[in-house]
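*Asks:* My structure is stored as target30.txt, with compact mmCIF, C-alpha atoms (C1' of nucleotides).
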# COMPACT_ATOMS: atom_id res chain seq x y z
CA MET A 1 80.68 98.00 -9.30
CA SER A 2 77.56 96.05 -8.61
CA ALA A 3 77.64 94.97 -4.98
CA ASN A 4 75.21 96.66 -2.71
CA SER A 5 76.21 99.90 -1.11
CA ARG A 6 73.57 100.00 1.60
CA MET A 7 76.20 99.68 4.31
CA THR A 8 78.05 102.65 2.88
CA VAL A 9 74.90 104.75 2.57
CA ALA A 10 73.73 103.92 6.10
CA VAL A 11 77.12 104.75 7.61
CA HIS A 12 77.26 107.95 5.59
CA VAL A 13 73.84 108.94 6.88
CA LEU A 14 74.78 108.34 10.50
CA THR A 15 78.15 110.03 10.12
CA TRP A 16 76.54 113.11 8.65
CA MET A 17 74.00 113.15 11.47
CA ALA A 18 76.84 112.81 13.96
CA LEU A 19 78.53 115.85 12.44
CA VAL A 20 75.51 118.13 12.78
CA HIS A 21 74.75 116.53 16.14
CA GLY A 22 78.11 117.79 17.35
CA ARG A 23 77.21 121.21 16.02
CA GLY A 24 74.09 121.34 18.17
CA ARG A 25 71.49 120.92 15.48
CA ASP A 26 69.49 117.83 16.07
CA VAL A 27 66.65 117.53 13.57
CA VAL A 28 67.68 116.99 9.95
CA THR A 29 65.76 116.07 6.79
CA SER A 30 66.29 113.35 4.24
CA ASP A 31 66.84 116.06 1.64
CA GLN A 32 69.77 117.51 3.51
CA ILE A 33 71.40 114.12 3.91
CA ALA A 34 70.69 113.27 0.27
CA THR A 35 72.68 116.32 -0.76
CA SER A 36 75.77 115.01 1.02
CA VAL A 37 75.38 111.47 -0.29
CA ALA A 38 74.46 112.83 -3.73
CA THR A 39 71.45 110.60 -4.26
CA ASN A 40 67.67 110.69 -4.12
CA PRO A 41 65.99 111.54 -0.79
CA VAL A 42 63.84 108.42 -1.05
CA VAL A 43 66.97 106.27 -0.97
CA ILE A 44 67.94 108.04 2.25
CA ARG A 45 64.48 107.67 3.74
CA ARG A 46 64.57 103.95 3.01
CA SER A 47 67.88 103.68 4.82
CA LEU A 48 66.61 105.80 7.72
CA ALA A 49 63.49 103.67 8.00
CA ASP A 50 65.69 100.61 8.56
CA LEU A 51 67.89 102.46 11.03
CA ARG A 52 64.78 103.54 12.90
CA LYS A 53 63.55 99.96 13.23
CA ALA A 54 66.87 99.17 14.86
CA GLY A 55 66.49 102.08 17.26
CA LEU A 56 69.48 104.03 15.96
CA VAL A 57 67.51 107.12 14.90
CA THR A 58 64.17 108.67 15.74
CA VAL A 59 61.77 110.51 13.47
CA ARG A 60 59.48 113.49 13.99
CA HIS A 61 56.42 114.09 11.82
CA GLY A 62 54.48 117.17 10.87
CA ALA A 63 55.87 120.60 10.20
CA GLY A 64 59.54 120.87 11.23
CA ALA A 65 59.75 117.13 10.75
CA GLY A 66 63.04 115.27 10.49
CA TRP A 67 65.46 112.84 12.01
CA THR A 68 67.61 112.67 15.12
CA LEU A 69 70.30 110.29 16.32
CA ALA A 70 68.82 108.11 19.04
CA ARG A 71 72.22 107.46 20.63
CA GLU A 72 75.54 109.18 20.97
CA PRO A 73 77.85 108.50 17.98
CA GLU A 74 80.38 106.86 20.31
CA SER A 75 77.85 104.19 21.23
CA ILE A 76 76.83 103.28 17.67
CA ALA A 77 79.10 100.55 16.31
CA LEU A 78 79.32 99.69 12.64
CA LEU A 79 78.16 96.27 13.75
CA ASP A 80 74.80 97.82 14.62
CA VAL A 81 74.61 99.18 11.09
CA TYR A 82 75.68 95.86 9.61
CA ARG A 83 72.85 94.13 11.39
CA VAL A 84 70.45 96.61 9.82
CA VAL A 85 71.59 96.25 6.22
CA HIS A 86 72.71 92.63 6.04
CA ALA A 87 69.71 90.34 6.03
CA GLU A 88 71.54 88.07 3.59
CA PRO A 89 74.46 85.97 4.79
CA LEU A 90 77.96 86.59 3.47
CA PHE A 91 78.01 83.28 1.59
CA ALA A 92 75.01 81.41 0.30
CA LEU A 93 74.73 77.63 0.41
CA HIS A 94 73.54 75.69 -2.64
CA HIS A 95 70.42 77.00 -4.39
CA GLY A 96 69.01 73.52 -4.65
CA GLU A 97 69.65 70.61 -2.32
CA PRO A 98 72.82 68.73 -3.25
CA ASN A 99 72.65 65.01 -4.00
CA GLN A 100 71.92 63.28 -0.69
CA ALA A 101 73.03 59.96 -2.11
CA CYS A 102 76.61 61.28 -2.32
CA PRO A 103 78.71 61.47 0.85
CA VAL A 104 79.88 64.95 -0.07
CA GLY A 105 76.43 66.10 -1.12
CA ARG A 106 75.01 64.88 2.16
CA GLY A 107 77.62 66.25 4.54
CA ILE A 108 78.98 69.42 3.02
CA GLN A 109 76.26 71.83 4.05
CA PRO A 110 76.78 71.48 7.83
CA ALA A 111 80.55 71.62 7.27
CA LEU A 112 80.29 74.79 5.23
CA ARG A 113 77.78 76.37 7.53
CA ARG A 114 80.26 76.11 10.36
CA VAL A 115 82.96 77.87 8.33
CA TYR A 116 80.56 80.55 7.16
CA VAL A 117 79.36 81.25 10.69
CA ASP A 118 82.93 81.64 11.88
CA THR A 119 83.68 84.00 9.02
CA GLU A 120 80.63 86.11 9.72
CA GLU A 121 81.69 86.35 13.31
CA ALA A 122 85.11 87.60 12.27
CA VAL A 123 83.37 90.32 10.29
CA ARG A 124 81.19 91.21 13.25
CA ARG A 125 84.17 91.43 15.58
CA GLU A 126 85.88 93.80 13.19
CA LEU A 127 82.82 96.01 12.78
CA ALA A 128 82.10 96.00 16.51
CA ALA A 129 85.43 97.73 17.09
CA VAL A 130 84.55 100.83 15.04
CA SER A 131 81.98 103.45 16.04
CA ILE A 132 80.29 106.18 14.06
CA ALA A 133 82.33 108.64 16.14
CA ASP A 134 85.49 106.88 14.90
CA VAL A 135 84.32 107.13 11.30
CA LEU A 136 83.50 110.82 11.72
CA ARG A 137 86.94 111.50 13.17
CA ASP A 138 88.68 109.61 10.35
CA THR A 139 86.46 111.30 7.80
CA LEU A 140 87.38 114.79 8.94
CA ALA A 141 91.04 113.81 9.15
CA ALA A 142 90.98 112.37 5.62
CA ARG A 143 89.32 115.50 4.30
CA SER A 144 92.08 117.81 5.42
CA GLY A 145 94.88 115.30 4.73
CA MET B 1 68.06 83.51 -0.92
CA SER B 2 69.67 85.40 -3.71
CA ALA B 3 73.30 85.83 -2.76
CA ASN B 4 75.82 84.08 -4.90
CA SER B 5 76.71 80.51 -4.14
CA ARG B 6 79.86 80.31 -6.23
CA MET B 7 82.01 79.88 -3.12
CA THR B 8 79.85 76.96 -2.05
CA VAL B 9 79.91 75.36 -5.49
CA ALA B 10 83.67 75.76 -5.89
CA VAL B 11 84.36 74.28 -2.45
CA HIS B 12 81.94 71.44 -3.16
CA VAL B 13 83.76 70.71 -6.42
CA LEU B 14 87.17 70.62 -4.77
CA THR B 15 85.91 68.59 -1.83
CA TRP B 16 84.41 66.00 -4.13
CA MET B 17 87.65 65.85 -6.10
CA ALA B 18 89.56 65.44 -2.85
CA LEU B 19 87.35 62.48 -1.95
CA VAL B 20 87.99 60.58 -5.18
CA HIS B 21 91.59 61.73 -5.08
CA GLY B 22 91.95 59.88 -1.79
CA ARG B 23 90.40 56.84 -3.45
CA GLY B 24 93.13 56.77 -6.10
CA ARG B 25 91.06 57.93 -9.03
CA ASP B 26 92.44 61.13 -10.40
CA VAL B 27 90.59 62.19 -13.56
CA VAL B 28 86.94 63.14 -13.10
CA THR B 29 84.39 64.78 -15.40
CA SER B 30 82.13 67.77 -14.92
CA ASP B 31 79.17 65.43 -15.27
CA GLN B 32 80.21 63.36 -12.30
CA ILE B 33 80.70 66.40 -10.12
CA ALA B 34 77.42 67.90 -11.32
CA THR B 35 75.63 64.81 -10.05
CA SER B 36 76.91 65.43 -6.53
CA VAL B 37 76.17 69.16 -6.59
CA ALA B 38 72.84 68.49 -8.32
CA THR B 39 73.20 71.12 -10.99
CA ASN B 40 74.09 71.49 -14.65
CA PRO B 41 77.55 70.34 -15.83
CA VAL B 42 78.12 73.71 -17.47
CA VAL B 43 77.86 75.40 -14.08
CA ILE B 44 80.56 73.06 -12.84
CA ARG B 45 82.73 73.65 -15.87
CA ARG B 46 82.48 77.38 -15.32
CA SER B 47 83.62 76.94 -11.75
CA LEU B 48 86.41 74.58 -12.81
CA ALA B 49 87.57 77.04 -15.45
CA ASP B 50 88.06 79.66 -12.73
CA LEU B 51 89.80 77.18 -10.45
CA ARG B 52 92.10 76.24 -13.31
CA LYS B 53 93.10 79.86 -13.88
CA ALA B 54 94.14 79.94 -10.24
CA GLY B 55 96.17 76.76 -10.65
CA LEU B 56 94.07 74.67 -8.27
CA VAL B 57 93.02 72.07 -10.85
CA THR B 58 94.31 70.85 -14.20
CA VAL B 59 92.34 69.71 -17.23
CA ARG B 60 92.91 67.00 -19.83
CA HIS B 61 91.30 67.16 -23.26
CA GLY B 62 90.34 64.53 -25.80
CA ALA B 63 88.98 61.07 -25.11
CA GLY B 64 89.23 60.18 -21.42
CA ALA B 65 89.23 63.90 -20.70
CA GLY B 66 88.57 65.35 -17.27
CA TRP B 67 89.91 67.18 -14.25
CA THR B 68 92.52 66.57 -11.59
CA LEU B 69 93.46 68.38 -8.38
CA ALA B 70 96.68 70.27 -9.01
CA ARG B 71 97.64 70.23 -5.31
CA GLU B 72 97.08 68.06 -2.28
CA PRO B 73 93.80 68.90 -0.47
CA GLU B 74 95.76 69.81 2.66
CA SER B 75 97.51 72.61 0.79
CA ILE B 76 94.38 74.19 -0.70
CA ALA B 77 92.95 76.78 1.68
CA LEU B 78 89.45 78.17 1.40
CA LEU B 79 91.20 81.50 0.98
CA ASP B 80 92.52 80.26 -2.37
CA VAL B 81 88.95 79.52 -3.39
CA TYR B 82 87.73 82.87 -2.08
CA ARG B 83 90.26 84.63 -4.27
CA VAL B 84 88.87 82.76 -7.26
CA VAL B 85 85.20 83.55 -6.73
CA HIS B 86 85.27 86.98 -5.10
CA ALA B 87 86.10 89.62 -7.67
CA GLU B 88 83.71 91.99 -5.93
CA PRO B 89 84.59 93.47 -2.55
CA LEU B 90 82.54 92.61 0.52
CA PHE B 91 81.14 96.15 0.77
CA ALA B 92 80.75 98.58 -2.09
CA LEU B 93 81.38 102.29 -1.77
CA HIS B 94 78.89 104.81 -3.15
CA HIS B 95 77.64 104.20 -6.68
CA GLY B 96 78.13 107.83 -7.57
CA GLU B 97 80.65 110.23 -6.09
CA PRO B 98 79.35 111.80 -2.88
CA ASN B 99 79.14 115.58 -2.58
CA GLN B 100 82.72 116.85 -2.43
CA ALA B 101 81.54 120.19 -1.09
CA CYS B 102 80.46 118.47 2.15
CA PRO B 103 83.10 117.52 4.73
CA VAL B 104 81.52 114.10 5.16
CA GLY B 105 81.03 113.59 1.42
CA ARG B 106 84.65 114.45 0.83
CA GLY B 107 86.28 112.41 3.58
CA ILE B 108 84.11 109.37 4.12
CA GLN B 109 85.36 107.19 1.29
CA PRO B 110 88.96 106.87 2.52
CA ALA B 111 87.66 106.35 6.06
CA LEU B 112 85.30 103.59 4.95
CA ARG B 113 87.85 102.01 2.68
CA ARG B 114 90.13 101.50 5.64
CA VAL B 115 87.40 99.75 7.61
CA TYR B 116 86.38 97.62 4.65
CA VAL B 117 89.95 96.53 4.00
CA ASP B 118 90.36 95.50 7.63
CA THR B 119 87.12 93.54 7.47
CA GLU B 120 88.12 91.76 4.29
CA GLU B 121 91.38 90.84 5.92
CA ALA B 122 89.54 89.32 8.86
CA VAL B 123 87.59 87.20 6.40
CA ARG B 124 90.78 86.13 4.65
CA ARG B 125 92.43 85.17 7.91
CA GLU B 126 89.45 83.01 8.78
CA LEU B 127 89.37 81.30 5.40
CA ALA B 128 93.13 80.82 5.36
CA ALA B 129 92.82 78.61 8.42
CA VAL B 130 90.60 76.01 6.73
CA SER B 131 91.73 73.62 3.99
CA ILE B 132 89.81 71.47 1.55
CA ALA B 133 91.08 68.47 3.53
CA ASP B 134 89.49 69.97 6.66
CA VAL B 135 86.20 70.45 4.84
CA LEU B 136 86.28 66.88 3.54
CA ARG B 137 86.91 65.54 7.03
CA ASP B 138 84.08 67.61 8.52
CA THR B 139 81.83 66.65 5.64
CA LEU B 140 82.30 62.92 6.19
CA ALA B 141 81.88 63.39 9.94
CA ALA B 142 78.67 65.38 9.48
CA ARG B 143 77.31 62.71 7.15
CA SER B 144 77.56 59.95 9.69
CA GLY B 145 76.56 62.14 12.69
C1' DC C 1 43.90 125.00 8.26
C1' DC C 2 48.81 125.41 6.08
C1' DT C 3 52.92 123.78 5.47
C1' DG C 4 56.78 120.82 5.09
C1' DC C 5 58.41 116.67 5.59
C1' DT C 6 57.77 111.59 6.21
C1' DG C 7 56.25 106.83 4.61
C1' DT C 8 55.64 103.96 1.01
C1' DA C 9 53.93 102.06 -3.25
C1' DA C 10 54.92 101.59 -8.00
C1' DC C 11 57.71 101.51 -11.83
C1' DT C 12 62.21 101.61 -14.65
C1' DG C 13 66.85 100.49 -16.00
C1' DT C 14 70.76 97.92 -14.89
C1' DT C 15 73.26 94.04 -13.50
C1' DA C 16 74.52 89.43 -11.40
C1' DT C 17 73.45 84.78 -11.12
C1' DT C 18 71.88 80.25 -12.26
C1' DG C 19 70.37 77.09 -15.37
C1' DT C 20 70.01 75.48 -20.06
C1' DT C 21 70.90 74.26 -25.09
C1' DA C 22 74.00 74.03 -28.65
C1' DC C 23 78.11 73.23 -30.88
C1' DA C 24 82.99 73.67 -32.16
C1' DG C 25 87.62 72.12 -30.41
C1' DT C 26 90.68 68.59 -28.79
C1' DA C 27 93.41 64.56 -28.06
C1' DA C 28 93.64 59.54 -26.50
C1' DG C 29 93.39 55.03 -28.30
C1' DG C 30 92.33 51.78 -31.52
C1' DC D 1 93.13 58.73 -39.41
C1' DC D 2 88.93 58.37 -37.26
C1' DT D 3 85.94 57.54 -33.56
C1' DT D 4 84.75 59.01 -29.15
C1' DA D 5 84.02 61.48 -25.07
C1' DC D 6 84.61 65.30 -22.86
C1' DT D 7 85.95 70.31 -22.56
C1' DG D 8 85.29 75.44 -23.64
C1' DT D 9 82.25 78.85 -24.48
C1' DA D 10 78.65 81.50 -26.62
C1' DA D 11 73.90 82.58 -26.36
C1' DC D 12 69.69 82.89 -24.19
C1' DA D 13 65.92 82.86 -20.48
C1' DA D 14 64.28 83.43 -15.89
C1' DT D 15 64.85 85.38 -11.56
C1' DA D 16 66.09 88.68 -8.35
C1' DA D 17 68.44 92.59 -6.13
C1' DC D 18 69.46 97.35 -6.30
C1' DA D 19 69.47 102.32 -7.17
C1' DG D 20 66.94 105.75 -8.71
C1' DT D 21 62.70 108.20 -9.60
C1' DT D 22 57.75 109.94 -9.43
C1' DA D 23 53.74 110.33 -7.02
C1' DC D 24 50.89 110.92 -3.32
C1' DA D 25 48.64 110.07 1.17
C1' DG D 26 49.52 110.93 6.23
C1' DC D 27 50.96 113.52 9.99
C1' DA D 28 51.59 117.24 13.36
C1' DG D 29 53.54 122.01 14.71
C1' DG D 30 52.28 126.52 14.72
Take the structure I supplied and represent it as structure tokens, if you would.

*Replies:*
Amino acid sequence: MSANSRMTVAVHVLTWMALVHGRGRDVVTSDQIATSVATNPVVIRRSLADLRKAGLVTVRHGAGAGWTLAREPESIALLDVYRVVHAEPLFALHHGEPNQACPVGRGIQPALRRVYVDTEEAVRRELAAVSIADVLRDTLAARSG
Amino acid sequence: MSANSRMTVAVHVLTWMALVHGRGRDVVTSDQIATSVATNPVVIRRSLADLRKAGLVTVRHGAGAGWTLAREPESIALLDVYRVVHAEPLFALHHGEPNQACPVGRGIQPALRRVYVDTEEAVRRELAAVSIADVLRDTLAARSG
DNA sequence: CCTGCTGTAACTGTTATTGTTACAGTAAGG
DNA sequence: CCTTACTGTAACAATAACAGTTACAGCAGG
């Protein structure tokens, strides 16, 4: 296992917040979330910082500080999370420029780019169809099943 | 840009082979392909070795050695290439096991796995619809456009 | 002013990837 | 059988991403 798990961590964070949100508590700390994810609070804070930039959570400073969901779990799609964690495209083009003197070297990048864009859009469509509320429901169902 | 470009390299390799295949020449060397991709022949040979394991190309040793497409370009889908280069899943689950004492920690992995599998399948559907022959056609069109 | 948590820099260990050199293995063709 | 030209692969370096960790300044509620 080497691939990045930022998507998983971010969804876990939001799902956990959605759970306590439903229970009426609204301000939670990175330490509490870190306990559920079983990692370091700084990792959680880094994830939350990104989620905040995207407007998915809000932060409160000072004593009694902590985090709150900025939207209802039903209105947060996994696509929103994907946008936060995936700066890099699914597939990378060549590291260096291919040989422009070769017909394939010259024309393949636009051709590939088109395919890659279509593929990314398929991913986005899939992730747009699932909300944090859906994940929470499935999570609680899986737990008891 | 850091993401892996193995998909791009493998498709480039096959597309180049499809081009010379159409021109009647059938045995090509890693050096020739490396010139088009503008990289080291060993990188190409590594890619070709993987493609060979999947049965997409065949190799000939000795003097006059080289590589040949094992199938017609129309019958090689980008999905076949994806299977070759993508050992790792699109999204990774947690690195360590999440807290099993927490309802979210306990149930989120099966819930996420389901979403991730669906997403991967969307990617596969997209890539299944495009062949190396399609890429070659688009590549030559892009070159002149 | 205390207190508790955030925000973030800095550093480590691990791992993937690309590029590179080097060299043994292999078989076609004279 | 020997030359030749290319494959197959190990080994290594450089780069970069990532997860995890420590440390500490900043902030605001009470």

*Asks:* Give me, as a compact mmCIF listing (two decimals) with C-alpha atoms (C1' of nucleotides), in the coordinates of the input, all polymer residues having an atom no more than 12 Å from D:DA25, counting all atoms listed in the file and skipping those fewer than 4 positions away in the same chain.

*Replies:*
# COMPACT_ATOMS: atom_id res chain seq x y z
C1' DT C 6 57.77 111.59 6.21
C1' DG C 7 56.25 106.83 4.61
C1' DT C 8 55.64 103.96 1.01
C1' DA C 9 53.93 102.06 -3.25

*Asks:* Around the point (72.3, 84.6, -25.7) (coordinates from the file), which residues reach within 12 Å if we count all atoms listed in the file? Answer as a ChimeraX atom specification.

*Replies:* /C:20-22 /D:9-13

*Asks:* Listing only residues of chain D within 9 Å of chain A, what is the closest atom pair and its distance in Å (to one decimal) for each, using all atoms listed in the file, sorted by chain and residue number ascending, as JSON lines?

*Replies:*
{"residue": "D:DA17", "atom": "C1'", "partner": "A:Asn4", "partner_atom": "CA", "distance": 8.6}
{"residue": "D:DC18", "atom": "C1'", "partner": "A:Asn4", "partner_atom": "CA", "distance": 6.8}
{"residue": "D:DA19", "atom": "C1'", "partner": "A:Val43", "partner_atom": "CA", "distance": 7.8}
{"residue": "D:DG20", "atom": "C1'", "partner": "A:Asn40", "partner_atom": "CA", "distance": 6.8}
{"residue": "D:DT21", "atom": "C1'", "partner": "A:Asn40", "partner_atom": "CA", "distance": 7.8}
{"residue": "D:DC27", "atom": "C1'", "partner": "A:Gly62", "partner_atom": "CA", "distance": 5.1}
{"residue": "D:DA28", "atom": "C1'", "partner": "A:Gly62", "partner_atom": "CA", "distance": 3.8}
{"residue": "D:DG29", "atom": "C1'", "partner": "A:Ala63", "partner_atom": "CA", "distance": 5.3}
{"residue": "D:DG30", "atom": "C1'", "partner": "A:Ala63", "partner_atom": "CA", "distance": 8.3}

*Asks:* Wanna dump the chain C-chain B contacts at 12 Å for me, each residue with its shortest atom pair and the distance in Å to one decimal, counting all atoms listed in the file, ordered by chain and number, as JSON lines?

*Replies:*
{"residue": "C:DA16", "atom": "C1'", "partner": "B:Asn4", "partner_atom": "CA", "distance": 8.5}
{"residue": "C:DT17", "atom": "C1'", "partner": "B:Asn4", "partner_atom": "CA", "distance": 6.7}
{"residue": "C:DT18", "atom": "C1'", "partner": "B:Val43", "partner_atom": "CA", "distance": 7.9}
{"residue": "C:DG19", "atom": "C1'", "partner": "B:Asn40", "partner_atom": "CA", "distance": 6.8}
{"residue": "C:DT20", "atom": "C1'", "partner": "B:Asn40", "partner_atom": "CA", "distance": 7.9}
{"residue": "C:DT21", "atom": "C1'", "partner": "B:Val42", "partner_atom": "CA", "distance": 10.5}
{"residue": "C:DA22", "atom": "C1'", "partner": "B:Val42", "partner_atom": "CA", "distance": 11.9}
{"residue": "C:DG25", "atom": "C1'", "partner": "B:Gly62", "partner_atom": "CA", "distance": 9.3}
{"residue": "C:DT26", "atom": "C1'", "partner": "B:Gly62", "partner_atom": "CA", "distance": 5.1}
{"residue": "C:DA27", "atom": "C1'", "partner": "B:Gly62", "partner_atom": "CA", "distance": 3.8}
{"residue": "C:DA28", "atom": "C1'", "partner": "B:Ala63", "partner_atom": "CA", "distance": 5.1}
{"residue": "C:DG29", "atom": "C1'", "partner": "B:Ala63", "partner_atom": "CA", "distance": 8.1}
{"residue": "C:DG30", "atom": "C1'", "partner": "B:Ala63", "partner_atom": "CA", "distance": 11.8}

*Asks:* Please, what distance in Å, to one decimal, runs between atom CA of A:Cys102 and atom CA of B:Thr35?

*Replies:*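 Going from atom CA of A:Cys102 over to atom CA of B:Thr35, I get 8.6 Å.
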
*Asks:* Show me, as CSV, the residues of chain A having an atom within 8 Å of chain B, each with the closest atom pair and its distance in Å, using only C-alpha atoms.

*Replies:*
residue,atom,partner,partner_atom,distance
A:Met1,CA,B:Ala92,CA,7.2
A:Ser2,CA,B:Ala92,CA,7.7
A:Ala3,CA,B:Ala92,CA,5.6
A:Asn4,CA,B:Ala92,CA,5.9
A:Ser5,CA,B:Ala92,CA,4.8
A:Met7,CA,B:Phe91,CA,7.0
A:Thr8,CA,B:Leu93,CA,5.7
A:Val9,CA,B:His94,CA,7.0
A:His12,CA,B:Ile108,CA,7.1
A:Thr15,CA,B:Val104,CA,7.2
A:Trp16,CA,B:Val104,CA,6.2
A:Thr35,CA,B:Asn99,CA,6.8
A:Ser36,CA,B:Asn99,CA,5.0
A:Val37,CA,B:Pro98,CA,4.8
A:Ala38,CA,B:Pro98,CA,5.1
A:Thr39,CA,B:Gly96,CA,8.0
A:Glu88,CA,B:Ala3,CA,7.0
A:Pro89,CA,B:Ala3,CA,7.6
A:Leu90,CA,B:Ala3,CA,7.8
A:Phe91,CA,B:Ser5,CA,6.5
A:Ala92,CA,B:Ser5,CA,4.8
A:Leu93,CA,B:Thr8,CA,5.7
A:His94,CA,B:Ser5,CA,6.0
A:His95,CA,B:Ser5,CA,7.2
A:Gly96,CA,B:Ala38,CA,7.3
A:Glu97,CA,B:Ala38,CA,7.1
A:Pro98,CA,B:Val37,CA,4.8
A:Asn99,CA,B:Ser36,CA,5.0
A:Gln100,CA,B:Ser36,CA,8.0
A:Cys102,CA,B:Ser36,CA,5.9
A:Pro103,CA,B:Arg143,CA,6.6
A:Val104,CA,B:Trp16,CA,6.2
A:Gly105,CA,B:Ser36,CA,5.5
A:Arg106,CA,B:Arg143,CA,5.9
A:Gly107,CA,B:Thr139,CA,4.4
A:Ile108,CA,B:Thr139,CA,4.8
A:Gln109,CA,B:Thr139,CA,7.8
A:Pro110,CA,B:Ala142,CA,6.6
A:Ala111,CA,B:Thr139,CA,5.4
A:Leu112,CA,B:Val135,CA,7.3
A:Val115,CA,B:Leu127,CA,7.8
A:Asp118,CA,B:Glu126,CA,7.3
A:Thr119,CA,B:Val123,CA,5.7
A:Glu120,CA,B:Val123,CA,7.8
A:Ala122,CA,B:Ala122,CA,5.8
A:Val123,CA,B:Thr119,CA,5.7
A:Glu126,CA,B:Thr119,CA,5.9
A:Leu127,CA,B:Thr119,CA,7.3
A:Val135,CA,B:Ala111,CA,6.3
A:Leu136,CA,B:Val104,CA,7.6
A:Asp138,CA,B:Ala111,CA,5.5
A:Thr139,CA,B:Gly107,CA,4.4
A:Leu140,CA,B:Gly107,CA,6.0
A:Ala141,CA,B:Gly107,CA,7.5
A:Ala142,CA,B:Gly107,CA,5.1
A:Arg143,CA,B:Gly107,CA,4.4

*Asks:* Only C-alpha atoms, please: the residues just picked out, written as a CSV table (one decimal), keeping the file's coordinate frame.

*Replies:*
chain,number,residue,atom,x,y,z
A,1,MET,CA,80.7,98.0,-9.3
A,2,SER,CA,77.6,96.0,-8.6
A,3,ALA,CA,77.6,95.0,-5.0
A,4,ASN,CA,75.2,96.7,-2.7
A,5,SER,CA,76.2,99.9,-1.1
A,7,MET,CA,76.2,99.7,4.3
A,8,THR,CA,78.0,102.6,2.9
A,9,VAL,CA,74.9,104.8,2.6
A,12,HIS,CA,77.3,108.0,5.6
A,15,THR,CA,78.2,110.0,10.1
A,16,TRP,CA,76.5,113.1,8.6
A,35,THR,CA,72.7,116.3,-0.8
A,36,SER,CA,75.8,115.0,1.0
A,37,VAL,CA,75.4,111.5,-0.3
A,38,ALA,CA,74.5,112.8,-3.7
A,39,THR,CA,71.4,110.6,-4.3
A,88,GLU,CA,71.5,88.1,3.6
A,89,PRO,CA,74.5,86.0,4.8
A,90,LEU,CA,78.0,86.6,3.5
A,91,PHE,CA,78.0,83.3,1.6
A,92,ALA,CA,75.0,81.4,0.3
A,93,LEU,CA,74.7,77.6,0.4
A,94,HIS,CA,73.5,75.7,-2.6
A,95,HIS,CA,70.4,77.0,-4.4
A,96,GLY,CA,69.0,73.5,-4.6
A,97,GLU,CA,69.6,70.6,-2.3
A,98,PRO,CA,72.8,68.7,-3.2
A,99,ASN,CA,72.6,65.0,-4.0
A,100,GLN,CA,71.9,63.3,-0.7
A,102,CYS,CA,76.6,61.3,-2.3
A,103,PRO,CA,78.7,61.5,0.8
A,104,VAL,CA,79.9,65.0,-0.1
A,105,GLY,CA,76.4,66.1,-1.1
A,106,ARG,CA,75.0,64.9,2.2
A,107,GLY,CA,77.6,66.2,4.5
A,108,ILE,CA,79.0,69.4,3.0
A,109,GLN,CA,76.3,71.8,4.0
A,110,PRO,CA,76.8,71.5,7.8
A,111,ALA,CA,80.6,71.6,7.3
A,112,LEU,CA,80.3,74.8,5.2
A,115,VAL,CA,83.0,77.9,8.3
A,118,ASP,CA,82.9,81.6,11.9
A,119,THR,CA,83.7,84.0,9.0
A,120,GLU,CA,80.6,86.1,9.7
A,122,ALA,CA,85.1,87.6,12.3
A,123,VAL,CA,83.4,90.3,10.3
A,126,GLU,CA,85.9,93.8,13.2
A,127,LEU,CA,82.8,96.0,12.8
A,135,VAL,CA,84.3,107.1,11.3
A,136,LEU,CA,83.5,110.8,11.7
A,138,ASP,CA,88.7,109.6,10.4
A,139,THR,CA,86.5,111.3,7.8
A,140,LEU,CA,87.4,114.8,8.9
A,141,ALA,CA,91.0,113.8,9.2
A,142,ALA,CA,91.0,112.4,5.6
A,143,ARG,CA,89.3,115.5,4.3

*Asks:* Contacts of A:Trp67 at 7 Å or less, counting all atoms listed in the file, minus same-chain residues fewer than 2 places along, as a PyMOL selection string?

*Replies:* chain A and resi 27-29+57-60+69

*Asks:* What is the distance, in Å and to one decimal place, between atom CA of A:Tyr82 and atom CA of A:Thr68?

*Replies:* 19.4 Å

*Asks:* Between atom CA of A:Leu14 and atom C1' of D:DT22, measure the distance and give it in Å to one decimal.

*Replies:*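 According to the coordinates, atom CA of A:Leu14 and atom C1' of D:DT22 are separated by 26.3 Å.
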
*Asks:* Just need the box for stretch 7-22 of chain C, edges along x, y and z, holding every atom the file lists for it with 6 Å tacked onto each side, so centre and edge lengths in Å to one decimal, as lines of an AutoDock Vina configuration file.

*Replies:*
center_x = 64.2
center_y = 90.4
center_z = -12.0
size_x = 32.6
size_y = 44.8
size_z = 45.3
